[in-house]
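Below is data_26.cif, which holds mmCIF, C-alpha atoms and all ligand atoms.
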data_work
#
loop_
_atom_site.label_atom_id
_atom_site.label_comp_id
_atom_site.auth_asym_id
_atom_site.auth_seq_id
_atom_site.Cartn_x
_atom_site.Cartn_y
_atom_site.Cartn_z
CA MET A 1 15.51 -40.39 -12.89
CA THR A 2 16.90 -41.72 -9.62
CA GLU A 3 16.10 -39.97 -6.37
CA ILE A 4 19.72 -38.84 -5.98
CA THR A 5 19.81 -37.29 -9.46
CA ALA A 6 16.52 -35.50 -8.79
CA LEU A 7 17.85 -34.21 -5.47
CA LYS A 8 21.05 -32.95 -7.11
CA LYS A 9 18.97 -31.10 -9.73
CA LEU A 10 16.77 -29.57 -7.04
CA ASN A 11 19.82 -28.41 -5.06
CA LYS A 12 21.27 -26.89 -8.20
CA SER A 13 18.09 -24.94 -8.99
CA SER A 14 17.73 -23.75 -5.34
CA LYS A 15 21.33 -22.54 -5.46
CA LYS A 16 20.64 -20.66 -8.68
CA GLU A 17 17.51 -19.08 -7.11
CA LEU A 18 19.51 -18.01 -4.09
CA GLU A 19 22.20 -16.46 -6.28
CA ASP A 20 19.56 -14.57 -8.28
CA GLN A 21 17.98 -13.28 -5.08
CA ASN A 22 21.34 -12.12 -3.74
CA LYS A 23 22.00 -10.36 -6.99
CA LEU A 24 18.63 -8.58 -6.87
CA SER A 25 19.17 -7.55 -3.29
CA LEU A 26 22.62 -6.08 -4.06
CA THR A 27 21.23 -4.26 -7.10
CA ASP A 28 18.60 -2.68 -4.85
CA ASP A 29 21.25 -1.62 -2.36
CA ILE A 30 23.05 0.12 -5.22
CA LEU A 31 19.85 1.77 -6.45
CA ARG A 32 18.97 3.12 -3.02
CA LEU A 33 22.54 4.37 -2.52
CA VAL A 34 22.57 6.24 -5.85
CA TRP A 35 19.09 7.68 -5.11
CA ARG A 36 20.28 8.91 -1.71
CA GLU A 37 23.52 10.40 -3.03
CA HIS A 38 22.07 11.76 -6.32
CA LYS A 39 25.48 11.28 -7.98
CA ILE A 40 28.23 8.83 -7.14
CA SER A 41 31.07 6.93 -8.84
CA ARG A 42 31.32 3.13 -9.22
CA ALA A 43 34.46 3.19 -7.06
CA GLU A 44 32.58 4.92 -4.24
CA ILE A 45 29.68 2.45 -4.55
CA SER A 46 32.05 -0.50 -4.30
CA ARG A 47 33.77 1.09 -1.30
CA ARG A 48 30.51 1.88 0.53
CA LEU A 49 28.88 -1.52 -0.11
CA GLY A 50 32.05 -3.62 0.16
CA LEU A 51 31.71 -5.01 -3.39
CA SER A 52 34.33 -5.51 -6.07
CA ARG A 53 34.41 -2.99 -8.96
CA SER A 54 33.57 -5.71 -11.47
CA THR A 55 30.53 -6.85 -9.42
CA VAL A 56 29.27 -3.25 -9.25
CA THR A 57 29.75 -2.80 -13.01
CA ASP A 58 27.88 -6.03 -13.64
CA LEU A 59 24.99 -5.21 -11.31
CA MET A 60 24.65 -1.66 -12.66
CA LYS A 61 23.82 -2.91 -16.17
CA ASP A 62 20.22 -3.72 -15.17
CA LEU A 63 19.67 -0.34 -13.56
CA ILE A 64 21.12 1.51 -16.55
CA ASN A 65 19.00 -0.53 -18.96
CA LEU A 66 15.89 0.30 -16.95
CA ASN A 67 16.93 3.98 -17.10
CA PHE A 68 16.92 4.42 -13.31
CA ILE A 69 20.60 5.35 -13.50
CA SER A 70 22.78 6.88 -16.22
CA GLU A 71 26.38 7.93 -16.67
CA ASP A 72 26.99 11.64 -16.10
CA GLY A 73 30.52 12.63 -17.10
CA VAL A 74 33.69 12.22 -15.06
CA GLY A 75 34.43 13.24 -11.48
CA GLU A 76 37.54 14.38 -9.61
CA SER A 77 40.40 11.90 -9.40
CA SER A 78 42.31 11.18 -6.21
CA GLY A 79 45.38 10.11 -8.17
CA GLY A 80 44.46 7.58 -10.86
CA ARG A 81 42.06 7.71 -13.77
CA LYS A 82 39.12 10.12 -13.42
CA PRO A 83 36.03 8.12 -12.30
CA ILE A 84 32.79 8.02 -14.32
CA VAL A 85 29.99 9.58 -12.30
CA LEU A 86 26.60 7.85 -12.16
CA LYS A 87 23.42 9.76 -11.44
CA PHE A 88 19.95 8.73 -10.38
CA ASN A 89 17.35 9.69 -12.99
CA ASP A 90 14.67 11.36 -10.88
CA ASP A 91 12.36 11.65 -13.88
CA SER A 92 12.66 8.04 -15.02
CA ARG A 93 9.32 7.16 -13.39
CA VAL A 94 6.36 9.07 -11.95
CA VAL A 95 3.97 8.27 -9.10
CA LEU A 96 0.48 9.47 -8.20
CA GLY A 97 -0.64 10.54 -4.71
CA ILE A 98 -4.36 10.74 -3.92
CA ASP A 99 -5.80 12.56 -0.90
CA ILE A 100 -9.40 11.59 -0.12
CA GLY A 101 -10.25 14.34 2.37
CA ALA A 102 -13.36 15.35 4.24
CA ALA A 103 -14.44 18.00 1.75
CA ASN A 104 -11.87 17.73 -1.07
CA ILE A 105 -10.29 15.15 -3.31
CA SER A 106 -6.84 16.01 -4.56
CA VAL A 107 -4.29 14.23 -6.73
CA VAL A 108 -0.60 14.99 -7.24
CA MET A 109 1.87 13.53 -9.67
CA THR A 110 5.53 13.65 -8.66
CA ASN A 111 8.81 12.31 -9.97
CA LEU A 112 10.96 9.97 -7.84
CA ARG A 113 12.43 12.95 -5.96
CA GLY A 114 9.04 14.29 -4.84
CA LYS A 115 9.06 17.10 -7.42
CA LEU A 116 5.48 18.21 -8.02
CA LEU A 117 4.57 17.74 -11.69
CA MET A 118 0.79 18.12 -11.42
CA TRP A 119 -1.73 19.13 -8.77
CA LYS A 120 -5.49 18.71 -9.14
CA GLU A 121 -8.15 19.37 -6.54
CA ILE A 122 -11.95 19.26 -6.49
CA LYS A 123 -14.29 20.12 -3.62
CA TYR A 124 -16.33 16.99 -2.95
CA PRO A 125 -18.04 15.35 0.06
CA ALA A 126 -15.96 12.18 -0.31
CA ARG A 127 -17.01 10.67 3.02
CA ASN A 128 -20.61 10.33 1.91
CA ASP A 129 -20.26 9.18 -1.69
CA PRO A 130 -17.78 6.40 -2.46
CA GLU A 131 -18.90 5.88 -6.06
CA GLY A 132 -18.81 9.59 -6.93
CA SER A 133 -15.42 9.88 -5.21
CA LYS A 134 -13.97 6.97 -7.21
CA ARG A 135 -15.23 8.57 -10.44
CA ILE A 136 -13.55 11.88 -9.57
CA ILE A 137 -10.32 10.12 -8.54
CA ASN A 138 -10.21 8.38 -11.93
CA GLU A 139 -10.80 11.64 -13.75
CA LEU A 140 -8.10 13.52 -11.84
CA CYS A 141 -5.59 10.67 -12.21
CA ASN A 142 -6.31 10.41 -15.94
CA GLU A 143 -5.80 14.15 -16.33
CA CYS A 144 -2.40 13.93 -14.62
CA VAL A 145 -1.34 10.94 -16.72
CA ALA A 146 -2.51 12.59 -19.95
CA THR A 147 -0.81 15.92 -19.19
CA VAL A 148 2.62 14.86 -17.95
CA LYS A 149 4.86 13.71 -20.82
CA ASP A 150 5.24 9.90 -21.08
CA ALA A 151 3.39 9.37 -17.78
CA ASP A 152 1.31 6.60 -19.34
CA GLN A 153 4.58 4.70 -19.87
CA THR A 154 6.36 5.64 -16.65
CA LEU A 155 3.66 5.48 -13.96
CA LEU A 156 5.27 3.29 -11.31
CA SER A 157 2.72 3.13 -8.49
CA ILE A 158 -0.08 4.97 -6.70
CA GLY A 159 -0.40 6.00 -3.05
CA VAL A 160 -3.75 6.80 -1.44
CA SER A 161 -4.58 8.71 1.72
CA PHE A 162 -7.78 7.83 3.53
CA PRO A 163 -9.29 9.80 6.45
CA SER A 164 -9.49 6.69 8.62
CA PRO A 165 -7.06 4.31 10.35
CA ILE A 166 -5.73 1.66 7.95
CA ASP A 167 -4.51 -1.73 9.12
CA PRO A 168 -1.23 -2.22 7.17
CA LYS A 169 -1.93 -5.97 6.99
CA HIS A 170 -5.43 -5.44 5.52
CA PRO A 171 -5.31 -2.22 3.49
CA GLU A 172 -8.38 -3.16 1.46
CA TYR A 173 -10.59 -2.70 4.56
CA ILE A 174 -11.44 0.51 6.42
CA SER A 175 -13.37 1.18 9.60
CA GLU A 176 -17.12 1.14 9.07
CA ASN A 177 -17.52 3.11 12.29
CA ILE A 178 -15.57 6.11 11.03
CA ILE A 179 -16.74 6.30 7.40
CA PRO A 180 -19.91 4.16 7.26
CA ASP A 181 -20.89 5.10 3.69
CA TRP A 182 -17.82 3.31 2.28
CA HIS A 183 -19.09 0.04 3.81
CA GLY A 184 -15.67 -0.99 5.09
CA LYS A 185 -13.98 -1.10 1.67
CA SER A 186 -11.18 1.24 0.64
CA GLY A 187 -11.56 0.40 -3.07
CA ILE A 188 -7.80 0.15 -3.74
CA GLU A 189 -8.21 -3.06 -5.76
CA GLU A 190 -10.39 -1.18 -8.26
CA LEU A 191 -7.72 1.49 -8.61
CA ARG A 192 -5.06 -1.20 -9.06
CA ASP A 193 -7.08 -2.88 -11.80
CA LYS A 194 -7.85 0.38 -13.61
CA PHE A 195 -4.29 1.69 -13.71
CA ASN A 196 -2.46 -1.63 -13.77
CA VAL A 197 0.11 -0.55 -11.18
CA PRO A 198 0.53 -1.37 -7.47
CA VAL A 199 -1.53 0.76 -5.08
CA CYS A 200 -0.69 1.43 -1.42
CA ILE A 201 -2.79 3.20 1.21
CA ASP A 202 -2.41 4.81 4.62
CA ASN A 203 -4.25 7.33 6.76
CA ASP A 204 -3.93 11.09 6.28
CA ALA A 205 -1.97 12.02 9.40
CA ASN A 206 0.61 9.26 8.80
CA LEU A 207 1.11 10.51 5.25
CA GLY A 208 1.37 14.15 6.36
CA ALA A 209 4.14 13.07 8.74
CA LEU A 210 5.87 11.06 6.00
CA ALA A 211 5.76 13.99 3.55
CA GLU A 212 7.16 16.47 6.07
CA HIS A 213 9.83 13.94 7.07
CA TRP A 214 10.99 13.27 3.48
CA TRP A 215 10.59 16.69 1.90
CA GLY A 216 9.36 19.30 4.40
CA ALA A 217 10.10 20.86 7.79
CA ALA A 218 11.14 17.60 9.49
CA ARG A 219 13.79 16.41 7.02
CA SER A 220 16.54 16.36 9.61
CA VAL A 221 14.36 15.00 12.41
CA ASP A 222 14.08 11.33 13.42
CA ASP A 223 11.43 11.71 16.12
CA LEU A 224 8.44 13.69 14.94
CA LEU A 225 4.92 14.24 16.22
CA TYR A 226 2.79 15.51 13.33
CA ILE A 227 -0.74 16.57 14.29
CA ARG A 228 -3.41 17.06 11.66
CA ILE A 229 -6.45 19.12 12.65
CA SER A 230 -9.43 18.32 10.47
CA ASN A 231 -12.83 16.68 10.95
CA GLY A 232 -10.90 14.48 13.34
CA ILE A 233 -7.56 15.01 15.10
CA GLY A 234 -4.90 12.56 13.94
CA ALA A 235 -1.22 12.23 14.70
CA GLY A 236 1.46 10.79 12.45
CA LEU A 237 4.40 9.46 14.45
CA ILE A 238 7.90 9.17 13.08
CA LEU A 239 9.88 7.32 15.73
CA GLY A 240 13.56 6.52 15.22
CA GLY A 241 13.22 7.69 11.59
CA LYS A 242 10.33 5.34 10.79
CA LEU A 243 6.58 5.75 10.60
CA TYR A 244 4.99 4.08 13.62
CA ARG A 245 1.55 2.64 12.88
CA GLY A 246 0.90 0.45 15.92
CA ALA A 247 -0.41 -3.12 15.93
CA LYS A 248 -3.47 -2.44 13.75
CA GLY A 249 -2.72 0.98 12.25
CA ILE A 250 -4.57 2.94 14.92
CA ALA A 251 -1.53 4.64 16.53
CA GLY A 252 -1.93 8.42 16.63
CA GLU A 253 -5.73 8.46 16.72
CA MET A 254 -5.90 11.61 18.87
CA SER A 255 -9.57 12.38 18.21
CA HIS A 256 -10.52 10.33 21.22
CA MET A 257 -7.87 11.58 23.58
CA SER A 258 -9.78 13.06 26.53
CA VAL A 259 -8.52 16.47 27.66
CA ASP A 260 -11.47 17.31 29.94
CA PRO A 261 -13.21 14.64 32.06
CA ASN A 262 -16.10 17.08 32.61
CA GLY A 263 -16.39 17.98 28.95
CA LYS A 264 -18.97 17.04 26.35
CA GLN A 265 -20.02 13.41 26.05
CA CYS A 266 -18.28 11.81 23.05
CA GLY A 267 -19.61 8.94 20.96
CA CYS A 268 -16.68 6.79 22.06
CA GLY A 269 -17.85 6.75 25.68
CA LEU A 270 -15.35 9.27 27.10
CA ARG A 271 -15.97 12.94 27.85
CA GLY A 272 -14.03 15.93 26.53
CA CYS A 273 -12.29 14.15 23.66
CA LEU A 274 -10.40 16.36 21.18
CA ALA A 275 -13.07 15.37 18.63
CA THR A 276 -15.62 17.28 20.72
CA THR A 277 -13.46 20.37 21.17
CA VAL A 278 -10.99 20.90 18.28
CA SER A 279 -12.47 19.13 15.24
CA ALA A 280 -13.90 21.36 12.49
CA TRP A 281 -17.49 20.60 13.44
CA ALA A 282 -16.80 21.26 17.14
CA LEU A 283 -15.31 24.68 16.35
CA GLU A 284 -18.21 25.52 14.04
CA ALA A 285 -20.70 24.49 16.75
CA ARG A 286 -18.87 26.73 19.21
CA VAL A 287 -19.79 29.78 17.09
CA ALA A 288 -23.49 29.18 17.78
CA THR A 289 -22.88 28.64 21.51
CA LEU A 290 -20.90 31.86 21.91
CA SER A 291 -22.93 33.99 19.48
CA VAL A 292 -24.97 35.62 22.23
CA LEU A 293 -21.77 37.12 23.69
CA TYR A 294 -20.54 38.44 20.32
CA PRO A 295 -23.65 39.52 18.37
CA ASP A 296 -21.62 41.81 16.08
CA SER A 297 -19.16 39.13 14.94
CA PRO A 298 -19.12 38.48 11.17
CA LEU A 299 -19.39 34.79 12.12
CA VAL A 300 -22.81 35.43 13.69
CA LYS A 301 -24.01 37.55 10.77
CA GLY A 302 -22.59 35.49 7.90
CA GLU A 303 -20.68 32.28 7.11
CA SER A 304 -19.40 30.37 10.12
CA ASP A 305 -17.56 27.39 8.67
CA ILE A 306 -13.95 26.62 9.55
CA ILE A 307 -12.55 28.82 6.75
CA ALA A 308 -14.70 31.73 7.95
CA ILE A 309 -13.48 31.17 11.54
CA GLU A 310 -9.85 31.27 10.35
CA ASN A 311 -10.47 34.42 8.28
CA ALA A 312 -12.21 36.14 11.19
CA ALA A 313 -9.35 35.22 13.56
CA LEU A 314 -6.85 36.69 11.09
CA ASN A 315 -8.96 39.89 11.18
CA ASN A 316 -8.83 39.93 15.00
CA ASP A 317 -12.52 39.12 15.47
CA PRO A 318 -12.95 38.54 19.26
CA LEU A 319 -15.35 35.58 18.81
CA ALA A 320 -12.99 33.78 16.41
CA LEU A 321 -10.01 34.53 18.67
CA GLN A 322 -11.82 33.05 21.68
CA ILE A 323 -12.63 29.88 19.72
CA VAL A 324 -9.00 29.54 18.58
CA SER A 325 -7.74 30.23 22.08
CA GLU A 326 -9.95 27.47 23.52
CA ALA A 327 -8.83 25.05 20.80
CA ALA A 328 -5.17 25.91 21.50
CA GLU A 329 -5.71 25.25 25.21
CA GLN A 330 -7.23 21.80 24.53
CA LEU A 331 -4.52 20.93 22.02
CA SER A 332 -1.77 22.03 24.38
CA ILE A 333 -3.01 19.64 27.10
CA ALA A 334 -2.83 16.76 24.62
CA ILE A 335 0.55 17.87 23.26
CA THR A 336 2.22 18.26 26.66
CA SER A 337 1.05 14.75 27.60
CA LEU A 338 2.42 13.32 24.37
CA ILE A 339 5.75 15.12 24.76
CA ASN A 340 6.38 13.21 27.97
CA ILE A 341 5.40 9.90 26.41
CA LEU A 342 7.13 10.20 23.04
CA ASN A 343 9.94 12.73 23.57
CA PRO A 344 9.69 14.11 20.01
CA GLU A 345 12.35 16.41 18.65
CA MET A 346 9.77 18.35 16.67
CA ILE A 347 6.00 18.85 16.73
CA LEU A 348 4.41 19.94 13.46
CA LEU A 349 0.83 21.03 13.01
CA GLY A 350 -1.07 20.63 9.74
CA GLY A 351 -4.63 21.11 8.52
CA ASN A 352 -7.25 23.48 9.96
CA LEU A 353 -6.19 26.60 11.90
CA THR A 354 -2.57 26.35 10.75
CA ARG A 355 -3.01 29.41 8.51
CA LEU A 356 -3.15 31.34 11.81
CA ASP A 357 0.50 30.49 12.51
CA GLU A 358 1.63 32.22 15.74
CA ILE A 359 -1.97 32.99 16.83
CA LEU A 360 -2.31 29.22 17.26
CA LEU A 361 1.29 28.34 18.17
CA LYS A 362 1.99 31.00 20.81
CA PRO A 363 -0.50 29.80 23.48
CA ILE A 364 0.46 26.14 22.88
CA ARG A 365 4.15 26.99 23.24
CA ALA A 366 3.42 28.92 26.45
CA LYS A 367 1.65 25.88 27.91
CA MET A 368 4.52 23.61 26.84
CA GLU A 369 6.93 25.88 28.73
CA VAL A 370 5.12 25.57 32.05
CA CYS A 371 3.42 22.20 31.92
CA SER A 372 6.02 19.76 30.75
CA LEU A 373 8.81 18.94 33.15
CA VAL A 374 10.64 16.86 30.59
CA SER A 375 10.35 19.50 27.90
CA THR A 376 12.33 21.96 30.02
CA VAL A 377 15.25 19.56 29.69
CA ASN A 378 14.73 18.60 26.07
CA LYS A 379 12.42 21.15 24.52
CA PRO A 380 10.89 20.10 21.18
CA GLN A 381 10.37 22.60 18.38
CA LEU A 382 6.74 23.48 17.67
CA ARG A 383 6.04 24.60 14.10
CA ILE A 384 3.53 24.61 11.28
CA GLY A 385 4.28 22.07 8.52
CA THR A 386 5.79 23.60 5.40
CA LEU A 387 3.93 21.57 2.76
CA GLY A 388 0.55 23.19 3.45
CA SER A 389 -2.65 21.78 1.99
CA LYS A 390 -0.74 19.54 -0.44
CA ALA A 391 1.06 17.68 2.37
CA ILE A 392 -1.26 14.67 2.48
CA ALA A 393 -1.35 14.03 -1.29
CA ILE A 394 2.45 14.48 -1.44
CA GLY A 395 2.69 12.02 1.46
CA ALA A 396 0.61 9.50 -0.53
CA ALA A 397 3.01 9.90 -3.49
CA THR A 398 5.93 9.50 -1.07
CA LEU A 399 4.46 6.23 0.23
CA ALA A 400 4.29 5.03 -3.40
CA ILE A 401 8.00 5.89 -3.87
CA GLN A 402 8.90 4.28 -0.54
CA GLN A 403 7.04 1.11 -1.44
CA ALA A 404 8.73 0.95 -4.85
CA PHE A 405 12.17 1.20 -3.24
CA SER A 406 11.34 -1.53 -0.75
CA ASP A 407 9.92 -3.89 -3.38
CA PRO A 408 12.54 -4.93 -5.94
CA LYS A 409 9.98 -6.66 -8.18
CA LEU A 410 8.09 -3.40 -8.55
CA LEU A 411 11.12 -1.48 -9.76
CA ARG A 412 12.01 -4.18 -12.26
CA LYS A 413 8.50 -4.35 -13.65
CA ASN A 414 8.33 -3.61 -17.35
CA ILE A 415 5.93 -0.75 -17.34
CA THR A 416 2.96 -1.36 -19.59
CA PRO A 417 0.41 1.41 -19.66
CA GLY A 418 -2.86 0.52 -17.95
CA VAL A 419 -6.21 0.92 -19.62
CA LEU A 420 -7.22 4.29 -18.29
CA GLN A 421 -10.98 4.52 -17.96
ZN ZN A 501 -14.19 10.20 22.04
#

Let me see the file written as structure tokens.
Amino acid sequence: MTEITALKKLNKSSKKELEDQNKLSLTDDILRLVWREHKISRAEISRRLGLSRSTVTDLMKDLINLNFISEDGVGESSGGRKPIVLKFNDDSRVVLGIDIGAANISVVMTNLRGKLLMWKEIKYPARNDPEGSKRIINELCNECVATVKDADQTLLSIGVSFPSPIDPKHPEYISENIIPDWHGKSGIEELRDKFNVPVCIDNDANLGALAEHWWGAARSVDDLLYIRISNGIGAGLILGGKLYRGAKGIAGEMSHMSVDPNGKQCGCGLRGCLATTVSAWALEARVATLSVLYPDSPLVKGESDIIAIENAALNNDPLALQIVSEAAEQLSIAITSLINILNPEMILLGGNLTRLDEILLKPIRAKMEVCSLVSTVNKPQLRIGTLGSKAIAIGAATLAIQQAFSDPKLLRKNITPGVLQ
């Protein structure tokens, strides 16, 4: 073969590759449009995407064959023939969302519209036992797959929430400083191998924000500050409609935001970090410190964990109310600072203390009123997230859906059931 002939062949194959790629990209545009609109006609698709009717018909064949889209009767006509309506099949695939929390492991299975099909939760000290946690995760995932009809055939991908910052470029690694017992490994490759589907991972606060933004209280909001109160204090930031992770995935790590320079010494080197004042262990430690002032409190006489503190506050126990009031004060200092930096439209709280609703929100709102110059001009809403304790696992499932829609190869994958162990 002469060099010129070889070059011509190469050019021809590159051109073919480019055409295939363009075709895939247009097919994805169509898929996302139908998902967003739920139902839409071919004519409307061609109008919105600037494609000819015949191109749309041609590109749709793949999506119909893969059962992502199906025909759903005829719609209203604006003069000519009545158009055939196409609908997105929400139940054509399922995803799993896993929440590895401080004291619980939970797994949800949802369809492609975030509809909850299964919810499983087990109390477990996941931070201290990676092997035991992985075993429980497998069991819960297997239960979901076995229970939901055809899930072994239609599992598309898995999302995982980890209680630690995750570098989006290196999701297989986690911080050894924050969860030392996991030895810096998130274990997502093992999950990928076991279930034979792609696995994505992010931290809990980011996923709480994502879930509330897609399905919860912040659906109509493009700039959201979601704060999760747990063993640490984390923020998930939706800025301009997108999750903001920062350069290395550490954005929103509020645990080490100092709100009192004369406060307790924190392991990070600062004093008065939120970790030392609002985290679950800090609130529980506060019970012991204040017990001498409130000897009759049920927290002094009985259980004094975070759930007991919340229950006591709901029963108007003065010790619990003082602890919550102090936590609200510390949180409000952090929130008013962040309002001026980020200018969110909405602030949502999730995790510990949020069962208390207005007992927690009222003092924070009062502080926001007087301490934020900018907020008087553009006051953000302050609310409790609406997805409750399932928010993080639902967020992990949402990340799996989001990843599938941004990765054309994943959606086209012929699903073959993994070997579930
Ligand atoms: Zn600190």

Counting only C-alpha atoms and all ligand atoms, what are the residues, protein, DNA or RNA alike, that approach ligand ZN 501 (chain A) to within 10 Å? I want them as a short mmCIF file (atom, residue, chain, number, x, y, z; two decimals) with C-alpha atoms, in the frame of the given file.
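Written file, out-v2.cif:
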data_model
loop_
_atom_site.label_atom_id
_atom_site.label_comp_id
_atom_site.auth_asym_id
_atom_site.auth_seq_id
_atom_site.Cartn_x
_atom_site.Cartn_y
_atom_site.Cartn_z
CA MET A 254 -5.90 11.61 18.87
CA SER A 255 -9.57 12.38 18.21
CA HIS A 256 -10.52 10.33 21.22
CA MET A 257 -7.87 11.58 23.58
CA SER A 258 -9.78 13.06 26.53
CA LYS A 264 -18.97 17.04 26.35
CA GLN A 265 -20.02 13.41 26.05
CA CYS A 266 -18.28 11.81 23.05
CA GLY A 267 -19.61 8.94 20.96
CA CYS A 268 -16.68 6.79 22.06
CA GLY A 269 -17.85 6.75 25.68
CA LEU A 270 -15.35 9.27 27.10
CA ARG A 271 -15.97 12.94 27.85
CA GLY A 272 -14.03 15.93 26.53
CA CYS A 273 -12.29 14.15 23.66
CA LEU A 274 -10.40 16.36 21.18
CA ALA A 275 -13.07 15.37 18.63
CA THR A 276 -15.62 17.28 20.72
#

**Request:** Please determine the residues with any atom at most 12 Å from (-8.8, 10.0, -12.8) (coordinates as given in the file, with only C-alpha atoms counting) and report them as a ChimeraX atom specification.
**Result:** /A:96-98,105-109,120-122,132-147,158,191,194-195,419-421

**Prompt:** Taking into account all atoms listed in the file, which residue in the set A:Ala396, A:Ser230, A:Gly385, A:Glu326 is nearest to Pro363 in chain A?
**Reply:** A:Glu326

**Asked** If you count all atoms listed in the file, which residues fall within 12 Å of Glu303 in chain A, apart from same-chain ones fewer than 5 positions away, as a list of chain:residue names?
**Response**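 Answer for this query is A:Glu284, A:Val287, A:Ala288, A:Ser297, A:Pro298, A:Ala308, A:Ile309, A:Glu310, A:Asn311, A:Ala312.
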
File dump, residues just selected, C-alpha atoms, as a PDB file, keeping the file's coordinate frame:
ATOM      1  CA  GLU A 284     -18.210  25.520  14.040  1.00  0.00           C
ATOM      2  CA  VAL A 287     -19.790  29.780  17.090  1.00  0.00           C
ATOM      3  CA  ALA A 288     -23.490  29.180  17.780  1.00  0.00           C
ATOM      4  CA  SER A 297     -19.160  39.130  14.940  1.00  0.00           C
ATOM      5  CA  PRO A 298     -19.120  38.480  11.170  1.00  0.00           C
ATOM      6  CA  ALA A 308     -14.700  31.730   7.950  1.00  0.00           C
ATOM      7  CA  ILE A 309     -13.480  31.170  11.540  1.00  0.00           C
ATOM      8  CA  GLU A 310      -9.850  31.270  10.350  1.00  0.00           C
ATOM      9  CA  ASN A 311     -10.470  34.420   8.280  1.00  0.00           C
ATOM     10  CA  ALA A 312     -12.210  36.140  11.190  1.00  0.00           C
TER      11      ALA A 312
END

Please return as a PDB file with C-alpha atoms, in the frame of the given file every residue within 6 Å of (2.5, 4.0, -5.5), taking into account all atoms listed in the file and the file's own coordinates.
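Result file is point_0.pdb:
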ATOM      1  CA  VAL A  95       3.970   8.270  -9.100  1.00  0.00           C
ATOM      2  CA  SER A 157       2.720   3.130  -8.490  1.00  0.00           C
ATOM      3  CA  ILE A 158      -0.080   4.970  -6.700  1.00  0.00           C
ATOM      4  CA  GLY A 159      -0.400   6.000  -3.050  1.00  0.00           C
ATOM      5  CA  VAL A 199      -1.530   0.760  -5.080  1.00  0.00           C
ATOM      6  CA  CYS A 200      -0.690   1.430  -1.420  1.00  0.00           C
ATOM      7  CA  ALA A 400       4.290   5.030  -3.400  1.00  0.00           C
TER       8      ALA A 400
END

Give me the box for range 249-268 of chain A as AutoDock Vina command-line options, namely the centre and edge lengths in Å to one decimal of a box along x, y and z that holds every listed atom plus 4 Å on each side.
--center_x -10.8 --center_y 9.5 --center_z 22.4 --size_x 26.5 --size_y 25.0 --size_z 28.4

**Message:** Given only C-alpha atoms as the basis, pick out the residue of A:Phe405, A:Ser389, A:Ile238, A:Ala217 nearest to Leu33 in chain A.
**Reply:**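 Of the candidates, the smallest distance to Leu33 in chain A is held by A:Phe405.
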
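With CA of Lys87 in chain A on one side and CA of Arg113 in chain A on the other, the separation reads 12.7 Å.
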
**Request:** Find, counting all atoms listed in the file, the residue in A:Val259, A:Leu18, A:Leu399, A:Ala251 that gets nearest to Val278 in chain A.
**Result:** A:Val259

Kindly complete range 55-65 of chain A to N, CA and C atoms; the output should be written as an mmCIF file, keeping the file's coordinate frame.
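The new file out_38.cif reads:
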data_model
loop_
_atom_site.group_PDB
_atom_site.id
_atom_site.type_symbol
_atom_site.label_atom_id
_atom_site.label_comp_id
_atom_site.auth_asym_id
_atom_site.auth_seq_id
_atom_site.Cartn_x
_atom_site.Cartn_y
_atom_site.Cartn_z
ATOM 1 N N THR A 55 31.901 -6.484 -9.837
ATOM 2 C CA THR A 55 30.530 -6.850 -9.420
ATOM 3 C C THR A 55 29.614 -5.644 -9.573
ATOM 4 N N VAL A 56 30.094 -4.466 -9.144
ATOM 5 C CA VAL A 56 29.270 -3.250 -9.250
ATOM 6 C C VAL A 56 28.945 -2.977 -10.714
ATOM 7 N N THR A 57 29.961 -3.053 -11.574
ATOM 8 C CA THR A 57 29.750 -2.800 -13.010
ATOM 9 C C THR A 57 28.699 -3.755 -13.570
ATOM 10 N N ASP A 58 28.814 -5.020 -13.166
ATOM 11 C CA ASP A 58 27.880 -6.030 -13.640
ATOM 12 C C ASP A 58 26.450 -5.748 -13.171
ATOM 13 N N LEU A 59 26.331 -5.434 -11.872
ATOM 14 C CA LEU A 59 24.990 -5.210 -11.310
ATOM 15 C C LEU A 59 24.340 -3.934 -11.847
ATOM 16 N N MET A 60 25.176 -2.945 -12.188
ATOM 17 C CA MET A 60 24.650 -1.660 -12.660
ATOM 18 C C MET A 60 23.952 -1.776 -14.011
ATOM 19 N N LYS A 61 24.330 -2.812 -14.796
ATOM 20 C CA LYS A 61 23.820 -2.910 -16.170
ATOM 21 C C LYS A 61 22.289 -2.873 -16.188
ATOM 22 N N ASP A 62 21.686 -3.653 -15.273
ATOM 23 C CA ASP A 62 20.220 -3.720 -15.170
ATOM 24 C C ASP A 62 19.620 -2.339 -14.919
ATOM 25 N N LEU A 63 20.227 -1.640 -13.972
ATOM 26 C CA LEU A 63 19.670 -0.340 -13.560
ATOM 27 C C LEU A 63 19.821 0.703 -14.664
ATOM 28 N N ILE A 64 20.909 0.581 -15.428
ATOM 29 C CA ILE A 64 21.120 1.510 -16.550
ATOM 30 C C ILE A 64 20.136 1.174 -17.678
ATOM 31 N N ASN A 65 19.962 -0.121 -17.933
ATOM 32 C CA ASN A 65 19.000 -0.530 -18.960
ATOM 33 C C ASN A 65 17.581 -0.080 -18.648
#
